[in-house]
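Trainee: Sharing my_file19.txt, compact mmCIF, C-alpha atoms:
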# COMPACT_ATOMS: atom_id res chain seq x y z
CA MET V 1 0.00 0.00 0.00
CA ALA V 2 2.20 2.80 1.08
CA ARG V 3 5.60 2.99 2.41
CA GLY V 4 6.92 5.19 5.03
CA SER V 5 8.51 6.04 8.13
CA LEU V 6 10.36 8.62 9.87
CA VAL V 7 13.73 9.47 10.44
CA VAL V 8 15.52 10.08 13.60
CA ALA V 9 19.08 10.59 14.44
CA CYS V 10 21.06 8.72 17.01
CA GLY V 11 22.30 11.90 18.56
CA LEU V 12 21.35 12.81 22.01
CA LEU V 13 22.63 15.28 24.42
CA ALA V 14 23.22 13.01 27.37
CA LEU V 15 24.53 9.84 25.72
CA THR V 16 28.22 9.12 25.94
CA GLY V 17 30.48 8.01 23.11
CA CYS V 18 29.02 10.56 20.70
CA ALA V 19 30.60 13.17 18.51
CA SER V 20 29.33 16.70 18.48
CA GLY V 21 26.37 17.04 16.12
CA GLY V 22 25.33 20.61 16.71
CA ALA V 23 24.85 23.20 19.39
CA GLY V 24 23.98 21.56 22.69
CA SER V 25 23.78 18.01 21.36
CA ALA V 26 25.80 14.97 20.55
CA ALA V 27 25.30 12.63 17.66
CA GLY V 28 25.50 8.91 18.30
CA ASN V 29 28.21 6.78 16.75
CA SER V 30 27.24 4.30 14.07
CA ASN V 31 29.28 2.05 11.86
CA ALA V 32 26.44 1.82 9.38
CA SER V 33 26.94 2.87 5.78
CA PRO V 34 24.16 4.08 3.46
CA SER V 35 23.52 0.43 2.57
CA GLY V 36 24.51 -1.05 5.93
CA THR V 37 22.66 -2.59 8.84
CA LEU V 38 19.96 -0.45 10.42
CA SER V 39 20.80 1.19 13.72
CA LYS V 40 19.46 -0.07 17.02
CA VAL V 41 16.26 1.67 18.09
CA MET V 42 16.52 3.66 21.30
CA ASP V 43 14.95 2.30 24.46
CA GLN V 44 12.66 4.49 26.53
CA ALA V 45 15.37 5.50 29.02
CA GLU V 46 17.56 6.80 26.21
CA TRP V 47 14.61 8.42 24.48
CA SER V 48 13.54 10.30 27.60
CA LYS V 49 16.92 12.03 27.60
CA VAL V 50 16.44 13.04 23.96
CA VAL V 51 13.00 14.50 24.71
CA ASP V 52 14.39 16.44 27.70
CA ALA V 53 17.17 17.84 25.54
CA ALA V 54 14.69 18.68 22.75
CA ASN V 55 12.52 20.65 25.17
CA LYS V 56 15.57 22.67 26.16
CA GLU V 57 16.41 23.35 22.49
CA GLY V 58 12.86 24.64 22.12
CA GLU V 59 12.56 24.64 18.35
CA VAL V 60 13.05 22.61 15.19
CA THR V 61 13.28 23.66 11.53
CA VAL V 62 12.36 21.32 8.71
CA TYR V 63 12.96 21.91 5.00
CA GLY V 64 10.51 20.00 2.83
CA VAL V 65 8.21 19.70 -0.14
CA LEU V 66 4.92 18.72 1.51
CA ASN V 67 1.78 20.35 0.15
CA THR V 68 0.31 23.47 1.73
CA LYS V 69 -2.56 21.64 3.49
CA THR V 70 -0.16 19.33 5.32
CA VAL V 71 2.19 22.19 6.15
CA ASP V 72 -0.71 24.18 7.59
CA LEU V 73 -1.74 21.27 9.82
CA LEU V 74 1.68 20.25 11.12
CA PRO V 75 2.68 23.03 13.59
CA ALA V 76 -0.49 22.99 15.69
CA ALA V 77 -0.70 19.20 15.75
CA PHE V 78 2.95 18.87 16.78
CA HIS V 79 2.62 21.65 19.37
CA LYS V 80 -0.29 19.81 20.97
CA ASP V 81 2.03 16.93 21.89
CA TYR V 82 5.21 18.99 22.35
CA PRO V 83 4.20 22.47 23.55
CA ASN V 84 7.79 23.42 24.43
CA ILE V 85 9.11 22.89 20.90
CA LYS V 86 8.27 25.34 18.11
CA LEU V 87 8.07 23.70 14.66
CA THR V 88 9.01 25.79 11.63
CA TYR V 89 8.38 24.06 8.30
CA VAL V 90 10.04 25.78 5.35
CA ARG V 91 8.36 24.72 2.13
CA LEU V 92 10.79 24.69 -0.82
CA SER V 93 11.38 22.94 -4.12
CA ALA V 94 13.73 19.96 -4.03
CA SER V 95 16.36 21.92 -5.95
CA ASP V 96 16.17 24.81 -3.49
CA ILE V 97 16.50 22.39 -0.57
CA ARG V 98 19.65 20.93 -2.10
CA ALA V 99 21.12 24.39 -2.71
CA ARG V 100 20.43 25.53 0.85
CA LEU V 101 21.72 22.33 2.42
CA ASP V 102 24.89 22.39 0.36
CA ALA V 103 25.59 25.97 1.41
CA GLU V 104 24.78 25.30 5.06
CA ILE V 105 26.90 22.16 5.23
CA ALA V 106 29.82 23.95 3.55
CA SER V 107 29.63 26.98 5.83
CA GLY V 108 28.74 25.13 9.01
CA ASN V 109 25.86 27.58 9.49
CA ALA V 110 22.99 25.11 9.80
CA GLY V 111 19.44 26.21 9.12
CA ALA V 112 17.71 22.87 8.63
CA ASP V 113 17.47 20.35 11.43
CA ALA V 114 15.61 17.79 9.31
CA VAL V 115 14.68 17.52 5.65
CA ASP V 116 12.24 15.82 3.33
CA ASN V 117 11.85 14.77 0.41
CA LEU V 118 14.93 14.47 -1.81
CA ASP V 119 15.54 11.70 -4.33
CA HIS V 120 17.36 8.57 -3.24
CA PRO V 121 20.75 9.41 -4.82
CA THR V 122 20.76 12.85 -3.17
CA PHE V 123 19.93 11.50 0.28
CA ASP V 124 22.49 8.72 -0.13
CA GLY V 125 25.10 11.23 -1.26
CA TYR V 126 24.61 13.29 1.90
CA ALA V 127 24.84 10.12 4.01
CA ALA V 128 28.05 9.05 2.28
CA LYS V 129 29.55 12.47 3.09
CA GLY V 130 28.65 12.05 6.75
CA ALA V 131 26.07 14.85 6.60
CA LEU V 132 23.15 12.85 8.07
CA LEU V 133 22.56 11.19 11.43
CA PRO V 134 21.45 7.55 11.65
CA LEU V 135 17.83 6.95 12.63
CA THR V 136 17.05 5.31 15.94
CA ALA V 137 13.69 6.77 17.06
CA PRO V 138 11.39 4.47 19.08
CA SER V 139 8.58 4.76 16.51
CA LEU V 140 10.77 2.89 14.04
CA GLY V 141 10.38 -0.16 16.25
CA ASP V 142 6.60 0.05 16.64
CA PRO V 143 4.75 -3.05 15.42
CA GLU V 144 2.53 -0.78 13.27
CA PHE V 145 5.59 0.31 11.32
CA ASP V 146 7.19 -2.12 8.90
CA ARG V 147 10.79 -1.06 9.34
CA ALA V 148 12.16 -3.65 6.92
CA LYS V 149 9.90 -2.28 4.21
CA TYR V 150 10.03 1.42 4.90
CA GLN V 151 13.51 2.24 6.21
CA ARG V 152 15.65 2.04 3.10
CA THR V 153 18.97 2.93 4.76
CA PRO V 154 20.14 3.72 8.31
CA TYR V 155 19.82 7.45 7.50
CA VAL V 156 16.42 7.82 5.84
CA ALA V 157 12.99 6.33 6.18
CA THR V 158 9.67 6.74 4.42
CA PHE V 159 6.84 8.38 6.35
CA ALA V 160 4.29 8.51 3.52
CA ASN V 161 3.64 7.67 -0.11
CA LEU V 162 2.43 10.24 -2.61
CA GLY V 163 0.30 8.75 -5.37
CA TYR V 164 -0.24 10.33 -8.79
CA ALA V 165 -3.82 10.57 -10.04
CA TRP V 166 -5.70 11.29 -13.23
CA ALA V 167 -7.46 14.65 -12.81
CA TRP V 168 -10.11 16.51 -14.76
CA ASN V 169 -12.41 19.54 -14.80
CA THR V 170 -15.90 18.31 -13.91
CA LYS V 171 -17.61 21.03 -15.98
CA LEU V 172 -15.62 20.38 -19.15
CA LEU V 173 -15.33 16.62 -18.71
CA PRO V 174 -18.30 15.42 -16.65
CA ASN V 175 -17.58 11.75 -17.34
CA GLY V 176 -14.03 12.16 -16.09
CA ILE V 177 -10.95 10.13 -16.94
CA SER V 178 -11.19 6.38 -16.47
CA SER V 179 -8.41 5.14 -18.75
CA TRP V 180 -5.20 6.28 -20.41
CA GLN V 181 -7.03 6.13 -23.74
CA ASP V 182 -9.33 8.91 -22.55
CA TYR V 183 -6.38 11.31 -22.75
CA LEU V 184 -5.73 10.34 -26.35
CA ASN V 185 -9.39 10.98 -27.22
CA LEU V 186 -9.00 14.65 -26.21
CA PRO V 187 -7.38 17.40 -28.28
CA ALA V 188 -3.81 17.73 -27.04
CA SER V 189 -4.43 21.39 -26.21
CA GLN V 190 -7.05 20.29 -23.66
CA VAL V 191 -4.52 18.25 -21.69
CA GLY V 192 -2.35 19.81 -18.98
CA ALA V 193 1.18 18.58 -18.29
CA THR V 194 4.00 19.46 -15.91
CA ASP V 195 7.24 20.63 -17.47
CA PRO V 196 9.60 17.67 -16.94
CA SER V 197 12.64 19.93 -16.83
CA ILE V 198 11.74 20.83 -13.21
CA GLY V 199 13.12 17.49 -12.03
CA PRO V 200 13.81 13.80 -12.65
CA THR V 201 10.66 12.69 -10.83
CA VAL V 202 8.44 14.21 -13.52
CA ALA V 203 10.56 12.63 -16.25
CA ALA V 204 10.29 9.25 -14.50
CA LEU V 205 6.52 9.77 -14.25
CA TYR V 206 6.22 10.38 -17.98
CA GLU V 207 8.38 7.38 -18.79
CA SER V 208 6.15 5.22 -16.58
CA MET V 209 3.16 6.22 -18.73
CA GLU V 210 4.58 4.17 -21.58
CA LYS V 211 4.73 0.91 -19.65
CA SER V 212 2.41 -1.91 -20.64
CA ASP V 213 0.32 -1.51 -17.46
CA ALA V 214 -0.23 2.21 -18.21
CA GLY V 215 -0.65 4.05 -21.51
CA GLY V 216 1.60 1.62 -23.35
CA SER V 217 4.48 2.00 -25.78
CA GLY V 218 4.44 5.29 -27.68
CA PHE V 219 1.81 6.89 -25.42
CA LEU V 220 3.55 10.26 -25.44
CA ASP V 221 4.01 10.12 -29.23
CA LYS V 222 0.28 9.49 -29.64
CA LEU V 223 -0.60 12.24 -27.17
CA THR V 224 1.43 14.85 -29.04
CA ALA V 225 0.68 13.58 -32.56
CA LYS V 226 -2.12 16.12 -33.09
CA GLY V 227 -0.73 19.03 -31.09
CA LYS V 228 0.93 20.13 -27.87
CA PRO V 229 -0.43 19.79 -24.36
CA GLN V 230 -0.53 22.87 -22.15
CA ILE V 231 2.71 22.92 -20.14
CA TYR V 232 2.91 24.20 -16.56
CA ALA V 233 5.85 24.84 -14.25
CA GLY V 234 4.59 22.52 -11.53
CA SER V 235 1.65 20.48 -10.29
CA ASN V 236 0.14 23.36 -8.28
CA PRO V 237 -0.20 25.75 -11.25
CA GLN V 238 -1.24 22.78 -13.38
CA VAL V 239 -4.18 21.86 -11.13
CA THR V 240 -5.06 25.52 -10.61
CA ALA V 241 -5.29 25.92 -14.38
CA LEU V 242 -7.41 22.78 -14.54
CA SER V 243 -9.85 24.18 -12.00
CA ALA V 244 -10.04 27.43 -14.00
CA GLY V 245 -11.00 25.52 -17.15
CA GLU V 246 -7.82 26.24 -19.12
CA VAL V 247 -7.67 22.50 -19.83
CA ALA V 248 -10.19 19.67 -19.52
CA ALA V 249 -7.87 17.04 -18.08
CA SER V 250 -4.45 16.82 -16.55
CA LEU V 251 -1.82 14.15 -16.88
CA PRO V 252 -1.25 12.49 -13.47
CA VAL V 253 -0.60 14.95 -10.68
CA PRO V 254 0.11 14.34 -6.98
CA VAL V 255 -3.16 13.25 -5.42
CA ALA V 256 -2.46 15.46 -2.41
CA VAL V 257 -2.46 18.53 -4.67
CA ALA V 258 -5.64 17.51 -6.47
CA ALA V 259 -7.40 16.69 -3.19
CA THR V 260 -6.39 19.99 -1.61
CA ILE V 261 -7.66 22.10 -4.51
CA LYS V 262 -10.85 20.02 -4.85
CA ALA V 263 -11.55 20.65 -1.15
CA THR V 264 -11.76 24.40 -1.88
CA GLY V 265 -14.84 23.74 -4.01
CA ALA V 266 -13.03 23.88 -7.34
CA PRO V 267 -14.75 21.98 -10.18
CA ILE V 268 -12.20 19.17 -10.39
CA ASP V 269 -12.06 15.52 -9.53
CA TYR V 270 -9.43 12.80 -9.63
CA ARG V 271 -8.96 9.06 -9.68
CA LEU V 272 -5.96 6.87 -8.97
CA PRO V 273 -5.17 4.42 -11.79
CA GLN V 274 -5.26 0.76 -10.78
CA GLU V 275 -1.46 0.76 -11.05
CA ALA V 276 -0.76 4.22 -9.65
CA PRO V 277 2.69 5.83 -9.90
CA SER V 278 3.92 6.94 -6.50
CA VAL V 279 6.85 8.59 -4.74
CA PRO V 280 7.97 7.63 -1.23
CA ASN V 281 8.36 10.64 1.05
CA GLU V 282 11.50 10.21 3.12
CA LEU V 283 12.78 12.20 6.08
CA ALA V 284 16.35 12.64 7.35
CA VAL V 285 18.01 14.43 10.25
CA VAL V 286 20.93 16.71 9.38
CA LYS V 287 24.14 16.06 11.33
CA SER V 288 25.01 19.75 11.58
CA ALA V 289 21.56 20.57 13.01
CA LYS V 290 21.37 23.21 15.72
CA HIS V 291 18.46 21.32 17.26
CA PRO V 292 19.22 17.63 16.61
CA ASN V 293 17.25 16.33 19.58
CA ALA V 294 14.16 18.29 18.56
CA ALA V 295 14.63 16.96 15.02
CA GLN V 296 14.59 13.45 16.41
CA VAL V 297 11.45 14.18 18.39
CA PHE V 298 9.74 15.56 15.28
CA ALA V 299 10.74 12.49 13.28
CA ASN V 300 9.49 10.16 15.97
CA TRP V 301 6.21 12.09 16.18
CA LEU V 302 5.72 12.03 12.42
CA LEU V 303 5.74 8.22 12.51
CA SER V 304 3.44 8.11 15.51
CA LYS V 305 -0.34 7.74 15.35
CA ALA V 306 -0.78 11.52 15.63
CA GLY V 307 1.77 12.42 12.97
CA GLN V 308 0.55 9.82 10.53
CA GLY V 309 -2.98 11.11 10.96
CA VAL V 310 -1.84 14.58 9.86
CA VAL V 311 0.01 13.11 6.86
CA ALA V 312 -3.14 11.28 5.80
CA GLN V 313 -5.30 14.40 6.22
CA GLY V 314 -2.94 16.17 3.84
CA GLY V 315 -3.69 13.71 1.04
CA PHE V 316 -0.69 11.42 1.45
CA VAL V 317 -0.89 7.69 2.07
CA ALA V 318 0.41 7.17 5.59
CA VAL V 319 2.60 4.11 6.18
CA ARG V 320 1.69 3.28 9.76
CA ASP V 321 -0.76 0.37 9.92
CA GLY V 322 -4.18 1.34 11.20
CA THR V 323 -4.02 4.97 10.07
CA PRO V 324 -7.36 6.16 8.60
CA GLN V 325 -6.53 7.23 5.05
CA THR V 326 -8.11 10.23 3.34
CA VAL V 327 -7.08 8.98 -0.10
CA ASP V 328 -9.03 5.90 -1.18
CA THR V 329 -6.54 3.28 -2.35
CA LYS V 330 -8.97 0.35 -2.41
CA GLY V 331 -8.14 -1.80 -5.44
CA VAL V 332 -5.10 0.38 -6.19
CA THR V 333 -1.47 -0.71 -6.18
CA LEU V 334 1.03 2.09 -5.58
CA VAL V 335 4.02 1.54 -7.84
CA GLU V 336 7.13 3.44 -6.86
CA LEU V 337 8.58 5.51 -9.69
CA PRO V 338 12.09 4.36 -10.59
CA GLN V 339 15.06 6.56 -9.86
CA ILE V 340 16.66 7.78 -13.09
CA THR V 341 20.23 8.85 -13.66
CA THR V 342 21.34 12.29 -14.80
CA GLU V 343 22.03 10.90 -18.26
CA GLN V 344 18.60 9.28 -18.45
CA PHE V 345 17.04 12.55 -17.36
CA LYS V 346 18.88 14.47 -20.09
CA ALA V 347 17.90 11.87 -22.68
CA PHE V 348 14.23 12.15 -21.75
CA LEU V 349 14.28 15.95 -21.92
CA GLN V 350 15.77 15.71 -25.39
CA ARG V 351 12.99 13.38 -26.48
CA TRP V 352 10.34 15.59 -24.84
CA ASN V 353 11.59 18.67 -26.69
CA GLN V 354 11.54 16.72 -29.95
CA LEU V 355 7.95 15.66 -29.32
CA LEU V 356 6.86 19.25 -28.71
CA ALA V 357 8.76 20.48 -31.77
CA LYS V 358 6.70 18.36 -34.15
Can I see the file as structure tokens?

Mentor:
Amino acid sequence: MARGSLVVACGLLALTGCASGGAGSAAGNSNASPSGTLSKVMDQAEWSKVVDAANKEGEVTVYGVLNTKTVDLLPAAFHKDYPNIKLTYVRLSASDIRARLDAEIASGNAGADAVDNLDHPTFDGYAAKGALLPLTAPSLGDPEFDRAKYQRTPYVATFANLGYAWAWNTKLLPNGISSWQDYLNLPASQVGATDPSIGPTVAALYESMEKSDAGGSGFLDKLTAKGKPQIYAGSNPQVTALSAGEVAASLPVPVAVAATIKATGAPIDYRLPQEAPSVPNELAVVKSAKHPNAAQVFANWLLSKAGQGVVAQGGFVAVRDGTPQTVDTKGVTLVELPQITTEQFKAFLQRWNQLLAK
């Protein structure tokens, strides 16, 4: 169904045998590599010391890409359980997160304590450079959390899955989209698409459309054979344009975005394909964090019943068993989009530009 979990560093203020991981904290030692054995989960005695240290730190800053609805819900929900810790969530694009993190790590002037959701190679690159703390939060050991499935490396873990859904304007397309063929039956100019140059995830999404269990071989060629789709700089402007009637249907967009805009009363609807593309949302704690203990507490909370409930309310598929899901995934299999290399990304962009130049 979904995959997910949180991330939490091994660092804690009062534990011995730890190297300095930031102001007022100490990061735990680990011999784990990005592909190594997962770290031991903290026991309650150790965790109590982390929570005490986090309360003294008093704040935590997270850089991430979650949608606005989730970001709006997070601070108050977290504050309810941890009133002494102020949560600041800075919503950025993945490229902006990388740029900020690189600058902060190089200068030693940390801004982020934790971060979501970068692609696997980027997260693994930071781990290989020693820029992340291993995850040892108690929630990782909860029976409701499948650690073997959702913690990919000692340094990152999935806390939610983001599915991609067909979306349409209910006034212009009252019967909706129920198959990939429905897109091909529309004039290309009535189809909205995200510019794939914004990142490899979009390119991987488009490549997945040409698999046999989706649109099939040559789907993009067929889509653009009679014209060009309307191109947007991201899923938010794409769905906003859809709700305004600029297009009748939209190629798959994050279901959390579609659900959020639909909830405003906009004339749109969406449906997850039976084999729905998805992206795992991972979280990591930054080793140079000024508030590493508070980052651990946030990560642990995000995997808890309360945190997973907020994630689900935001339109993501929570990974903790027993979490009531807002997105209906009955009969749907979430298929993780493959990671693509830089060269594969460049090759797809070249093909995309050729398709639009016809």

Trainee: Of the candidates V:Ala357, V:Val255, V:Ala137, V:Ala289, which shows the shortest atom-to-atom distance to Ala112 of chain V, using all atoms listed in the file?

Mentor: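 Using all atoms listed in the file, the shortest distance to Ala112 of chain V belongs to V:Ala289.
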
Trainee: Using only C-alpha atoms for the distances, tell me which of V:Ala157, V:Ala256, V:Ile268, V:Leu118 is nearest to Pro174 of chain V.

Mentor: V:Ile268

Trainee: I'd like the interatomic distance between atom CA of Ser179 of chain V and atom CA of Ala233 of chain V, to a tenth of an Å.

Mentor: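 Taking atom CA of Ser179 of chain V as the start and atom CA of Ala233 of chain V as the end point, the length is 24.7 Å.
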
Trainee: Between atom CA of Pro338 of chain V and atom CA of Pro154 of chain V, what is the distance in Å, rounded to a tenth?

Mentor: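 Atom CA of Pro154 of chain V lies at a distance of 20.6 Å from atom CA of Pro338 of chain V.
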
Trainee: Could you tell me which of V:Gly307, V:Gly64, V:Pro134, V:Pro252 comes closest to Ser95 of chain V if we count only C-alpha atoms?

Mentor: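 The shortest atom-to-atom distance to Ser95 of chain V comes from V:Gly64.
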
Trainee: Rank nothing, just name the residue among V:Ala76, V:Val286, V:Ala347, V:Val253 nearest to Gly111 of chain V, using only C-alpha atoms.

Mentor: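 Residue with the minimum atom-to-atom distance to Gly111 of chain V: V:Val286.
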
Trainee: One decimal, Å: what's the distance from atom CA of Met42 of chain V over to atom CA of Arg152 of chain V, could you say?

Mentor: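 Distance between the two atoms: 18.3 Å.
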
Trainee: Could the centre and edge lengths of an axis-aligned box, enclosing all atoms of segment 309-324 of chain V in the file with 3 Å extra on each side, be given in Å to one decimal as lines of an AutoDock Vina configuration file?

Mentor:
center_x = -2.4
center_y = 8.3
center_z = 6.1
size_x = 16.0
size_y = 21.8
size_z = 16.2

Trainee: Could you check which of V:Ile261, V:Leu220, V:Val297, V:Val156 is closest to Glu207 of chain V, using all atoms listed in the file?

Mentor: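 Closest residue, counting all atoms listed in the file: V:Leu220.
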
Trainee: So, counting all atoms listed in the file, which residue among V:Gly315, V:Pro187, V:Gly125, V:Gly331 is closest to Glu275 of chain V?

Mentor: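 The answer is V:Gly331, which sits nearest to Glu275 of chain V.
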
Trainee: Find the spatial neighbours of Thr326 of chain V, counting all atoms listed in the file, within a cut-off of 10 Å - ignore same-chain residues fewer than 5 positions away - and output them as an NGL selection string.

Mentor: :V and (256 or 259 or 309 or 311-318)

Trainee: Name the residues within 12 Å of (9.5, 3.6, -16.5), counting all atoms listed in the file in the file's coordinates, and put them as a PDB file with C-alpha atoms, keeping the file's coordinate frame.

Mentor:
ATOM      1  CA  PRO V 200      13.810  13.800 -12.650  1.00  0.00           C
ATOM      2  CA  THR V 201      10.660  12.690 -10.830  1.00  0.00           C
ATOM      3  CA  VAL V 202       8.440  14.210 -13.520  1.00  0.00           C
ATOM      4  CA  ALA V 203      10.560  12.630 -16.250  1.00  0.00           C
ATOM      5  CA  ALA V 204      10.290   9.250 -14.500  1.00  0.00           C
ATOM      6  CA  LEU V 205       6.520   9.770 -14.250  1.00  0.00           C
ATOM      7  CA  TYR V 206       6.220  10.380 -17.980  1.00  0.00           C
ATOM      8  CA  GLU V 207       8.380   7.380 -18.790  1.00  0.00           C
ATOM      9  CA  SER V 208       6.150   5.220 -16.580  1.00  0.00           C
ATOM     10  CA  MET V 209       3.160   6.220 -18.730  1.00  0.00           C
ATOM     11  CA  GLU V 210       4.580   4.170 -21.580  1.00  0.00           C
ATOM     12  CA  LYS V 211       4.730   0.910 -19.650  1.00  0.00           C
ATOM     13  CA  SER V 212       2.410  -1.910 -20.640  1.00  0.00           C
ATOM     14  CA  ASP V 213       0.320  -1.510 -17.460  1.00  0.00           C
ATOM     15  CA  ALA V 214      -0.230   2.210 -18.210  1.00  0.00           C
ATOM     16  CA  GLY V 215      -0.650   4.050 -21.510  1.00  0.00           C
ATOM     17  CA  GLY V 216       1.600   1.620 -23.350  1.00  0.00           C
ATOM     18  CA  SER V 217       4.480   2.000 -25.780  1.00  0.00           C
ATOM     19  CA  PRO V 277       2.690   5.830  -9.900  1.00  0.00           C
ATOM     20  CA  SER V 278       3.920   6.940  -6.500  1.00  0.00           C
ATOM     21  CA  VAL V 335       4.020   1.540  -7.840  1.00  0.00           C
ATOM     22  CA  GLU V 336       7.130   3.440  -6.860  1.00  0.00           C
ATOM     23  CA  LEU V 337       8.580   5.510  -9.690  1.00  0.00           C
ATOM     24  CA  PRO V 338      12.090   4.360 -10.590  1.00  0.00           C
ATOM     25  CA  GLN V 339      15.060   6.560  -9.860  1.00  0.00           C
ATOM     26  CA  ILE V 340      16.660   7.780 -13.090  1.00  0.00           C
ATOM     27  CA  GLN V 344      18.600   9.280 -18.450  1.00  0.00           C
ATOM     28  CA  PHE V 345      17.040  12.550 -17.360  1.00  0.00           C
ATOM     29  CA  PHE V 348      14.230  12.150 -21.750  1.00  0.00           C
TER      30      PHE V 348
END

Trainee: Need the shell around Val191 of chain V: protein/DNA/RNA residues with any atom at most 7 Å away, counting all atoms listed in the file. Skip same-chain ones fewer than 6 positions apart. Format as a count of residues only?

Mentor: 7
